[in-house]
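Structure data (mmCIF, C-alpha atoms) from work.cif:
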```
data_target
#
loop_
_atom_site.label_atom_id
_atom_site.label_comp_id
_atom_site.auth_asym_id
_atom_site.auth_seq_id
_atom_site.Cartn_x
_atom_site.Cartn_y
_atom_site.Cartn_z
CA MET A 1 146.91 114.54 67.07
CA TYR A 2 146.30 110.85 67.66
CA PHE A 3 144.54 111.63 70.95
CA VAL A 4 142.13 114.10 69.34
CA GLN A 5 141.22 111.59 66.61
CA SER A 6 140.56 108.93 69.28
CA GLN A 7 138.23 111.27 71.22
CA ARG A 8 136.33 112.10 68.04
CA SER A 9 135.90 108.40 67.29
CA GLN A 10 134.50 107.72 70.78
CA ILE A 11 132.06 110.62 70.59
CA ARG A 12 130.98 109.48 67.13
CA GLY A 13 130.39 105.95 68.48
CA GLN A 14 128.33 107.21 71.42
CA VAL A 15 126.17 109.37 69.16
CA THR A 16 125.65 106.41 66.91
CA MET A 17 124.52 104.20 69.82
CA VAL A 18 122.05 106.81 71.07
CA THR A 19 120.66 107.31 67.62
CA MET A 20 120.19 103.57 67.11
CA SER A 21 118.45 103.28 70.51
CA TRP A 22 115.96 105.93 69.56
CA MET A 23 115.37 104.31 66.21
CA LEU A 24 114.69 100.93 67.81
CA LEU A 25 112.27 102.54 70.18
CA LEU A 26 110.46 104.26 67.39
CA CYS A 27 110.35 101.04 65.41
CA VAL A 28 108.78 99.13 68.32
CA LEU A 29 106.15 101.76 68.73
CA ALA A 30 105.43 101.69 65.05
CA GLU A 31 105.07 97.93 65.01
CA GLY A 32 102.55 98.09 67.76
CA TYR A 33 100.54 100.63 65.89
CA ARG A 34 100.57 98.67 62.68
CA SER A 35 99.49 95.55 64.44
CA GLU A 36 96.49 97.45 65.71
CA VAL A 37 95.49 98.75 62.35
CA GLY A 38 96.34 95.49 60.52
CA VAL A 39 99.29 96.77 58.54
CA GLN A 40 101.96 94.11 57.98
CA GLU A 41 104.99 96.23 57.00
CA GLY A 42 108.38 96.15 58.60
CA CYS A 43 110.21 99.09 60.17
CA GLY A 44 112.88 99.09 57.49
CA HIS A 45 110.31 99.90 54.80
CA TRP A 46 109.98 103.53 55.83
CA MET A 47 113.22 104.20 57.57
CA GLY A 48 116.69 103.31 56.16
CA GLY A 49 119.82 102.62 58.21
CA ILE A 50 122.62 105.06 58.82
CA PRO A 51 125.19 105.09 55.96
CA GLY A 52 128.35 103.24 56.82
CA THR A 53 131.88 104.61 56.83
CA PRO A 54 133.41 104.75 53.30
CA GLY A 55 135.90 101.92 52.70
CA LEU A 56 139.50 102.23 51.69
CA ASP A 57 140.47 102.65 48.03
CA GLY A 58 141.13 99.35 46.33
CA GLN A 59 144.24 98.42 44.36
CA ASP A 60 144.61 99.56 40.74
CA GLY A 61 143.35 97.07 38.26
CA ARG A 62 145.39 95.59 35.40
CA ASP A 63 145.87 97.49 32.17
CA GLY A 64 143.25 96.74 29.60
CA ARG A 65 143.86 95.51 26.08
CA GLU A 66 144.88 97.94 23.38
CA GLY A 67 141.98 99.33 21.47
CA ARG A 68 141.53 99.12 17.74
CA GLN A 69 143.25 101.66 15.52
CA GLY A 70 141.02 104.57 14.85
CA GLU A 71 140.21 106.08 11.48
CA THR A 72 142.67 108.45 9.85
CA GLY A 73 141.89 112.00 10.66
CA ASP A 74 141.45 114.80 8.18
CA THR A 75 144.55 116.55 6.82
CA GLY A 76 145.31 119.60 8.82
CA LEU A 77 145.85 123.05 7.44
CA PRO A 78 149.38 123.94 6.19
CA GLY A 79 151.54 125.44 8.84
CA VAL A 80 153.24 128.77 8.65
CA ARG A 81 156.36 128.77 6.46
CA GLY A 82 159.51 128.73 8.49
CA GLU A 83 162.53 130.94 8.09
CA ARG A 84 165.02 130.23 5.34
CA GLY A 85 167.92 128.09 6.47
CA GLU A 86 171.59 128.78 5.95
CA VAL A 87 173.35 127.79 2.74
CA GLY A 88 174.93 124.36 3.08
CA GLU A 89 178.39 123.29 2.04
CA VAL A 90 179.17 122.56 -1.60
CA GLY A 91 178.72 118.89 -2.36
CA GLY A 92 181.13 116.69 -4.24
CA ASP A 93 181.12 116.14 -8.00
CA GLY A 94 178.29 113.94 -9.16
CA PHE A 95 178.36 111.20 -11.76
CA GLN A 96 178.71 112.26 -15.37
CA GLY A 97 175.33 112.57 -16.99
CA ARG A 98 174.24 111.15 -20.29
CA ARG A 99 175.20 112.86 -23.48
CA GLY A 100 172.62 115.44 -24.48
CA PHE A 101 171.02 116.00 -27.83
CA PRO A 102 172.98 117.95 -30.46
CA GLY A 103 172.45 121.66 -30.28
CA ALA A 104 171.11 123.85 -33.01
CA PRO A 105 173.60 124.93 -35.70
CA GLY A 106 175.34 128.19 -34.94
CA LEU A 107 175.37 131.28 -37.05
CA GLN A 108 177.58 131.37 -40.09
CA GLY A 109 180.93 132.93 -39.35
CA GLN A 110 182.60 135.68 -41.26
CA ARG A 111 184.52 134.81 -44.36
CA GLY A 112 188.17 134.23 -43.57
CA GLU A 113 191.21 135.33 -45.44
CA SER A 114 192.12 133.04 -48.32
CA SER A 115 195.29 132.67 -50.28
CA PHE A 116 193.21 132.73 -53.47
CA LEU A 117 192.77 136.45 -52.98
CA TYR A 118 196.46 136.78 -53.84
CA ARG A 119 197.18 135.51 -57.32
CA SER A 120 200.38 135.41 -59.26
CA ALA A 121 200.96 133.00 -62.14
CA PHE A 122 202.29 132.85 -65.66
CA SER A 123 202.88 130.32 -68.43
CA VAL A 124 204.82 131.29 -71.58
CA GLY A 125 206.60 129.65 -74.53
CA LEU A 126 209.19 130.28 -77.24
CA THR A 127 208.13 131.15 -80.75
CA THR A 128 211.53 130.72 -82.48
CA PRO A 129 214.69 128.75 -81.75
CA THR A 130 217.50 130.51 -79.90
CA THR A 131 221.19 129.86 -79.36
CA THR A 132 221.83 132.83 -77.08
CA THR A 133 223.72 131.99 -73.87
CA ASP A 134 224.30 133.82 -70.57
CA THR A 135 221.22 135.96 -71.10
CA PRO A 136 217.56 135.43 -70.17
CA LEU A 137 215.47 133.44 -72.64
CA HIS A 138 212.69 135.59 -74.08
CA PHE A 139 209.41 133.67 -74.05
CA THR A 140 207.03 135.70 -76.17
CA LYS A 141 204.25 133.16 -76.63
CA ILE A 142 201.81 133.92 -73.79
CA PHE A 143 199.58 131.13 -72.44
CA TYR A 144 198.68 132.93 -69.20
CA ASN A 145 199.92 136.21 -67.75
CA GLU A 146 196.82 137.87 -66.31
CA GLN A 147 198.67 139.67 -63.51
CA HIS A 148 201.48 140.73 -65.92
CA HIS A 149 204.13 139.64 -63.45
CA TYR A 150 206.15 138.13 -66.29
CA ASP A 151 207.85 140.66 -68.58
CA ASP A 152 208.10 139.26 -72.12
CA ILE A 153 210.53 142.03 -73.08
CA SER A 154 213.17 141.24 -70.45
CA GLY A 155 212.23 137.57 -70.17
CA LYS A 156 212.11 137.83 -66.36
CA PHE A 157 209.41 137.17 -63.77
CA ARG A 158 209.18 139.89 -61.11
CA CYS A 159 207.77 139.06 -57.66
CA PHE A 160 205.06 141.45 -56.40
CA ILE A 161 203.54 139.17 -53.71
CA PRO A 162 206.08 137.69 -51.28
CA GLY A 163 205.66 134.00 -50.67
CA VAL A 164 206.47 130.50 -51.89
CA TYR A 165 206.50 129.91 -55.67
CA TYR A 166 206.90 126.92 -57.92
CA PHE A 167 208.74 127.21 -61.25
CA THR A 168 209.04 124.58 -63.95
CA PHE A 169 210.26 124.41 -67.55
CA HIS A 170 210.02 121.94 -70.43
CA LEU A 171 212.41 122.67 -73.29
CA THR A 172 213.10 121.11 -76.66
CA VAL A 173 216.90 120.90 -77.03
CA GLN A 174 218.77 120.90 -80.35
CA GLY A 175 222.39 119.76 -80.54
CA GLN A 176 224.71 117.45 -78.67
CA GLY A 177 224.41 118.97 -75.22
CA CYS A 178 222.82 121.89 -73.43
CA LYS A 179 222.88 123.33 -69.89
CA VAL A 180 219.82 125.28 -68.74
CA GLY A 181 219.90 127.27 -65.52
CA LEU A 182 217.11 128.66 -63.36
CA TYR A 183 218.27 132.01 -61.94
CA ARG A 184 217.10 134.26 -59.13
CA ASN A 185 218.58 137.76 -58.96
CA GLY A 186 221.63 136.69 -61.03
CA ARG A 187 222.31 133.57 -58.96
CA VAL A 188 221.75 130.12 -60.40
CA MET A 189 219.28 128.05 -58.39
CA SER A 190 219.28 124.86 -60.43
CA LEU A 191 221.04 123.46 -63.53
CA THR A 192 219.77 120.91 -66.04
CA LEU A 193 222.20 119.17 -68.42
CA ASP A 194 221.10 117.41 -71.58
CA GLN A 195 223.69 115.25 -73.41
CA PHE A 196 221.93 113.87 -76.41
CA LEU A 197 224.51 112.28 -78.73
CA THR A 198 222.82 112.68 -82.10
CA SER A 199 221.80 115.72 -84.07
CA ASP A 200 218.12 115.08 -83.50
CA LEU A 201 215.86 116.93 -80.98
CA ASP A 202 215.66 116.07 -77.29
CA GLN A 203 213.68 117.17 -74.21
CA SER A 204 215.02 118.83 -71.08
CA SER A 205 212.92 119.75 -68.02
CA GLY A 206 213.33 120.86 -64.44
CA GLY A 207 211.69 122.76 -61.61
CA ALA A 208 212.19 124.27 -58.17
CA VAL A 209 210.27 125.76 -55.23
CA LEU A 210 211.57 129.21 -54.24
CA ASN A 211 210.76 131.53 -51.35
CA LEU A 212 210.63 134.99 -52.89
CA SER A 213 210.41 138.50 -51.54
CA SER A 214 208.96 141.52 -53.28
CA GLY A 215 211.26 142.68 -56.08
CA ASP A 216 212.97 139.32 -56.66
CA GLN A 217 213.44 138.32 -60.32
CA VAL A 218 213.47 134.79 -61.77
CA TRP A 219 214.39 133.71 -65.32
CA LEU A 220 215.84 130.93 -67.51
CA GLN A 221 219.02 131.08 -69.58
CA VAL A 222 221.35 128.73 -71.39
CA TYR A 223 224.54 128.25 -69.39
CA GLY A 224 227.96 128.18 -71.05
CA ALA A 225 229.65 129.35 -74.29
CA GLU A 226 227.49 130.08 -77.31
CA GLN A 227 227.50 127.36 -79.96
CA GLU A 228 225.70 127.38 -83.27
CA GLU A 229 224.68 123.76 -83.10
CA VAL A 230 223.44 123.98 -79.50
CA GLY A 231 220.28 125.81 -78.46
CA ILE A 232 216.62 125.77 -77.49
CA TYR A 233 214.32 124.79 -80.30
CA ALA A 234 210.70 125.76 -81.00
CA ASP A 235 208.39 125.63 -83.99
CA ILE A 236 204.75 125.00 -84.75
CA ASN A 237 205.12 121.35 -83.73
CA ASN A 238 207.38 121.76 -80.65
CA ASP A 239 206.92 124.03 -77.65
CA SER A 240 209.49 125.11 -75.09
CA THR A 241 207.64 126.45 -72.04
CA PHE A 242 208.39 128.26 -68.80
CA THR A 243 205.77 128.32 -65.98
CA GLY A 244 205.56 129.68 -62.45
CA PHE A 245 202.85 130.34 -59.87
CA LEU A 246 202.30 131.33 -56.25
CA ILE A 247 201.77 128.46 -53.79
CA GLN A 248 201.40 130.35 -50.49
CA PRO A 249 201.64 134.10 -49.88
CA ARG A 250 203.70 135.46 -46.99
CA LEU A 251 201.82 138.46 -45.65
CA PRO A 252 204.03 140.89 -43.75
CA SER A 253 203.09 141.84 -40.19
CA SER A 254 205.06 145.08 -40.48
CA PRO A 255 206.57 147.06 -43.37
CA LEU A 256 210.08 145.92 -42.43
CA ASP A 257 209.15 142.25 -43.05
CA ASN A 258 208.68 143.03 -46.72
CA ARG A 259 212.35 143.76 -47.29
CA ARG A 260 214.40 141.59 -49.62
CA ARG A 261 216.07 138.65 -47.93
#
```

Turn the structure described in the file into structure tokens.
Amino acid sequence: MYFVQSQRSQIRGQVTMVTMSWMLLLCVLAEGYRSEVGVQEGCGHWMGGIPGTPGLDGQDGRDGREGRQGETGDTGLPGVRGERGEVGEVGGDGFQGRRGFPGAPGLQGQRGESSFLYRSAFSVGLTTPTTTTDTPLHFTKIFYNEQHHYDDISGKFRCFIPGVYYFTFHLTVQGQGCKVGLYRNGRVMSLTLDQFLTSDLDQSSGGAVLNLSSGDQVWLQVYGAEQEEVGIYADINNDSTFTGFLIQPRLPSSPLDNRRR
């Protein structure tokens, strides 16, 4: 390969020499002709030299300085929407937010069950003095007995609505001493003793809260042996009263809960 290139170079050099010889000859002849006609122009004016062999590539130059930042380009068109990603994991609890505004008032609820729908009350008084003992006192003066749960003939209150009741009495006592008992179904619940030492009138009072079932009966009676000088007094200026009323009803959840206890 090297030998072939060397031969080519020699042949190229010989051709170049021959060509230059012919050009010099032509130039001499031309000069003689121009001198005859009076033209003062050189040979190089009408005939250029043979181009030389291209030189080797030079080394790369240094990088130039950075140019100035160009103007911002126009916003491109929106790209195509990508596919929906997978649902991520549930994050932790965040901080508690601020308290919101009060909401609108709700609708009015239905009317609930009230104990006032169940009424039972009475208030009665004596009209004449009595000295009867061991029998219910008959209060025939009616202050209130709208439900008719107190029987003025027997002198007893009969329970129709099971629940908690309050009973109280205020009696004018005549004589030296008097015991008054509050009874339920023949059993004394409370006793009140008055021991006034003169023959004048005195006051005796008492009360109790009882849990009654339907059919229970409550009354007052003087306790002990009958005495003429001892009794419950009443006239137009003095009242002896007996009062009772329902505090809280006890509604049965089944018919068996309404049995007497």

Exercise for the section: Give me, please, the distance in Å between CA of Arg119 (chain A) and CA of Ser190 (chain A), quoted to one decimal. Expected result: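 Distance reported for this atom pair: 24.7 Å.
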
Handout entry: Length of the CA of Gly58 (chain A) to CA of Thr16 (chain A) vector [Å]
Key =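 Computing it gives 26.7 Å between the two atoms.
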
Contacts of region 209-211 of chain A at 9 Å or less, counting all atoms listed in the file, minus same-chain residues fewer than 6 places along, as a compact mmCIF listing (two decimals) with C-alpha atoms, in the coordinates of the input?
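Result file follows (around.txt):
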```txt
# COMPACT_ATOMS: atom_id res chain seq x y z
CA PRO A 162 206.08 137.69 -51.28
CA GLY A 163 205.66 134.00 -50.67
CA VAL A 164 206.47 130.50 -51.89
CA TYR A 165 206.50 129.91 -55.67
CA TYR A 166 206.90 126.92 -57.92
CA PHE A 167 208.74 127.21 -61.25
CA THR A 168 209.04 124.58 -63.95
CA ARG A 184 217.10 134.26 -59.13
CA MET A 189 219.28 128.05 -58.39
```

Problem - Reference answer for the PyMOL selection byres ((chain A and resi 239-242) around 7), as a ChimeraX atom specification - result: /A:123-126,168-172,234-235,237-238,243

Handout entry: Chain and number of each residue from the PyMOL selection byres ((chain A and resi 213) around 6), as a list in words
Key = Pro162, Leu212, Ser214, Asp216 and Arg260 of chain A

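Across the structure, CA of Thr192 (chain A) and CA of Gly206 (chain A) are spaced 6.6 Å apart.
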
Practice task
Return the single residue from A:Gln221, A:Thr75, A:Asn185, A:Ser205 that is closest to Thr132 (chain A), with distances computed using all atoms listed in the file.
Solution key: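 Result for the nearest residue to Thr132 (chain A): A:Gln221.
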
Exercise for the section: Write out as a VMD selection string which residues come within 9 Å of Phe157 (chain A) when counting all atoms listed in the file, dropping same-chain ones fewer than 3 positions away. Expected result: chain A and resid 122 148 to 152 154 216 to 219 244

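Note on the selection: in this file the PyMOL selection byres ((chain A and resi 174) around 7) comes out as Thr172, Val173, Gly175, Asp200, Leu201, Asp202, Val230, Gly231, Ile232 and Tyr233 of chain A.
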
Practice task
Go through A:Pro51, A:Glu86, A:Phe245, A:Val80 one by one, measure the shortest atom-to-atom distance of each to Glu146 (chain A) using all atoms listed in the file, and give the residue with the smallest value.
Solution key: A:Phe245

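If you count only C-alpha atoms and ignore residues fewer than 6 places along the chain from Leu191 (chain A), what sits within 8 Å of it is Lys179, Val180, Gly181 and Leu182 of chain A.
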
Problem - For Lys141 (chain A), the nearest of the candidates A:Ile236, A:Val18, A:Leu220, A:Val90, counting all atoms listed in the file - result: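 Selected residue with least distance to Lys141 (chain A): A:Ile236.
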
Calculate, to one decimal in Å, the centre and edge lengths of the box along x, y and z of the file that holds all listed atoms of region 159-165 of chain A with 4 Å of margin on each side, and present them as lines of an AutoDock Vina configuration file.
```
center_x = 205.7
center_y = 135.7
center_z = -54.2
size_x = 12.2
size_y = 19.5
size_z = 15.0
```
